[in-house]
Every structure is written in structure tokens, then in C-alpha cells.
$ cat coords30.txt   # compact mmCIF, N, CA and C atoms
# COMPACT_ATOMS: atom_id res chain seq x y z
N MET A 1 0.82 -1.19 0.00
CA MET A 1 0.00 0.00 0.00
C MET A 1 0.87 1.26 0.00
N LYS A 2 1.95 1.26 0.78
CA LYS A 2 2.83 2.41 0.84
C LYS A 2 3.50 2.66 -0.52
N LYS A 3 3.81 1.58 -1.22
CA LYS A 3 4.45 1.72 -2.53
C LYS A 3 3.49 2.34 -3.54
N ILE A 4 2.24 1.97 -3.46
CA ILE A 4 1.23 2.51 -4.38
C ILE A 4 1.05 4.00 -4.13
N VAL A 5 0.96 4.38 -2.86
CA VAL A 5 0.79 5.79 -2.51
C VAL A 5 2.02 6.59 -2.96
N ALA A 6 3.20 6.05 -2.74
CA ALA A 6 4.42 6.73 -3.15
C ALA A 6 4.47 6.87 -4.68
N LEU A 7 4.07 5.85 -5.39
CA LEU A 7 4.06 5.90 -6.85
C LEU A 7 3.07 6.95 -7.35
N LEU A 8 1.88 7.00 -6.76
CA LEU A 8 0.89 8.01 -7.15
C LEU A 8 1.39 9.42 -6.86
N MET A 9 2.05 9.60 -5.75
CA MET A 9 2.60 10.92 -5.42
C MET A 9 3.65 11.34 -6.43
N LEU A 10 4.49 10.42 -6.85
CA LEU A 10 5.51 10.73 -7.86
C LEU A 10 4.88 11.09 -9.20
N ILE A 11 3.85 10.37 -9.57
CA ILE A 11 3.17 10.63 -10.84
C ILE A 11 2.53 12.01 -10.83
N PHE A 12 1.78 12.31 -9.76
CA PHE A 12 1.09 13.59 -9.70
C PHE A 12 2.05 14.76 -9.54
N SER A 13 3.13 14.57 -8.81
CA SER A 13 4.10 15.66 -8.67
C SER A 13 4.82 15.89 -9.99
N GLY A 14 5.03 14.86 -10.77
CA GLY A 14 5.64 15.01 -12.08
C GLY A 14 4.75 15.77 -13.05
N LEU A 15 3.45 15.52 -12.97
CA LEU A 15 2.51 16.25 -13.81
C LEU A 15 2.44 17.72 -13.42
N TYR A 16 2.49 17.98 -12.13
CA TYR A 16 2.42 19.36 -11.65
C TYR A 16 3.70 20.13 -12.00
N ALA A 17 4.83 19.47 -11.92
CA ALA A 17 6.11 20.13 -12.17
C ALA A 17 6.32 20.41 -13.66
N SER A 18 5.61 19.75 -14.53
CA SER A 18 5.80 19.94 -15.96
C SER A 18 4.87 21.01 -16.52
N ALA A 19 4.36 21.88 -15.67
CA ALA A 19 3.48 22.96 -16.13
C ALA A 19 4.28 23.93 -17.01
N GLN A 20 3.58 24.61 -17.88
CA GLN A 20 4.23 25.51 -18.82
C GLN A 20 4.70 26.77 -18.10
N ALA A 21 5.88 27.22 -18.45
CA ALA A 21 6.43 28.45 -17.87
C ALA A 21 5.63 29.66 -18.36
N PRO A 22 5.59 30.72 -17.56
CA PRO A 22 4.85 31.91 -17.98
C PRO A 22 5.47 32.57 -19.21
N ASP A 23 4.65 33.23 -19.98
CA ASP A 23 5.11 33.87 -21.20
C ASP A 23 5.19 35.37 -20.96
N TYR A 24 6.31 35.97 -21.28
CA TYR A 24 6.54 37.39 -21.01
C TYR A 24 6.61 38.19 -22.31
N ASP A 25 5.61 38.01 -23.17
CA ASP A 25 5.61 38.70 -24.45
C ASP A 25 5.52 40.21 -24.29
N ASP A 26 4.74 40.68 -23.30
CA ASP A 26 4.62 42.12 -23.11
C ASP A 26 5.95 42.75 -22.72
N LEU A 27 6.75 42.06 -21.92
CA LEU A 27 8.06 42.58 -21.55
C LEU A 27 9.03 42.56 -22.73
N LYS A 28 8.92 41.55 -23.56
CA LYS A 28 9.77 41.48 -24.75
C LYS A 28 9.47 42.64 -25.70
N ILE A 29 8.20 42.99 -25.81
CA ILE A 29 7.80 44.10 -26.69
C ILE A 29 8.34 45.41 -26.15
N LEU A 30 8.23 45.62 -24.84
CA LEU A 30 8.76 46.85 -24.23
C LEU A 30 10.26 46.94 -24.43
N TYR A 31 10.96 45.84 -24.30
CA TYR A 31 12.42 45.83 -24.48
C TYR A 31 12.77 46.12 -25.95
N ALA A 32 12.03 45.54 -26.88
CA ALA A 32 12.32 45.76 -28.30
C ALA A 32 12.03 47.20 -28.70
N ASP A 33 11.05 47.84 -28.05
CA ASP A 33 10.72 49.24 -28.35
C ASP A 33 11.61 50.22 -27.60
N ALA A 34 12.57 49.71 -26.82
CA ALA A 34 13.49 50.52 -26.02
C ALA A 34 12.74 51.39 -25.02
N ASN A 35 11.63 50.88 -24.50
CA ASN A 35 10.84 51.58 -23.50
C ASN A 35 11.28 51.08 -22.12
N TYR A 36 12.51 51.43 -21.74
CA TYR A 36 13.12 50.87 -20.55
C TYR A 36 12.49 51.40 -19.26
N GLU A 37 12.00 52.64 -19.27
CA GLU A 37 11.39 53.19 -18.06
C GLU A 37 10.14 52.40 -17.67
N LYS A 38 9.33 52.09 -18.62
CA LYS A 38 8.11 51.31 -18.37
C LYS A 38 8.46 49.85 -18.06
N LEU A 39 9.54 49.38 -18.63
CA LEU A 39 9.97 47.99 -18.43
C LEU A 39 10.38 47.74 -16.98
N VAL A 40 11.06 48.69 -16.37
CA VAL A 40 11.55 48.48 -15.00
C VAL A 40 10.64 49.09 -13.95
N LYS A 41 9.52 49.69 -14.36
CA LYS A 41 8.58 50.30 -13.43
C LYS A 41 8.02 49.24 -12.49
N ASP A 42 7.98 49.57 -11.21
CA ASP A 42 7.48 48.66 -10.20
C ASP A 42 6.01 48.95 -9.94
N ASP A 43 5.12 47.99 -10.26
CA ASP A 43 3.68 48.18 -10.10
C ASP A 43 3.16 47.61 -8.79
N CYS A 44 4.01 47.12 -7.93
CA CYS A 44 3.55 46.49 -6.69
C CYS A 44 3.04 47.50 -5.68

$ encode --input "coords30.txt" --output "C-alpha cells"
Amino acid sequence: MKKIVALLMLIFSGLYASAQAPDYDDLKILYADANYEKLVKDDC
């Protein structure tokens, strides 16, 4: 039983870890347009 639970945990953690990385297209556009002030602006 412990082996089954451990195997399921490995499978589900592998699926979760393979999520797609975020896409930063808006930042790439700002960098390409040389809009550096807006690029480094802190919105927090």
C-alpha cells in the first residue's frame, strides 16, 4: 500500500512540475521598443 501511494505521489508531482512556464511577451515588446522606463517600473 505504501508503494502505491508513493508511486501516485511521484506521478502527480511530475505532472504538476511539468506545467508551462509563464510567457513574457509584453516585456519582450517593451524591451524591443526601447521603453526601458516602463519595463523596469514597479507596479507592486

$ atom_distance --input "coords30.txt" --atom1 "atom CA of Asp25 of chain A" --atom2 "atom CA of Lys38 of chain A"
14.2 Å

$ atom_distance --input "coords30.txt" --atom1 "atom N of Pro22 of chain A" --atom2 "atom C of Ala6 of chain A"
27.1 Å

$ atom_distance --input "coords30.txt" --atom1 "atom CA of Tyr24 of chain A" --atom2 "atom CA of Tyr36 of chain A"
15.0 Å

$ residues_around --input "coords30.txt" --residues "Val40 of chain A" --least-positions-apart "6" --cutoff "10 Å" --atoms "only C-alpha atoms" --output "NGL selection string"
:A and (27 or 30-31)
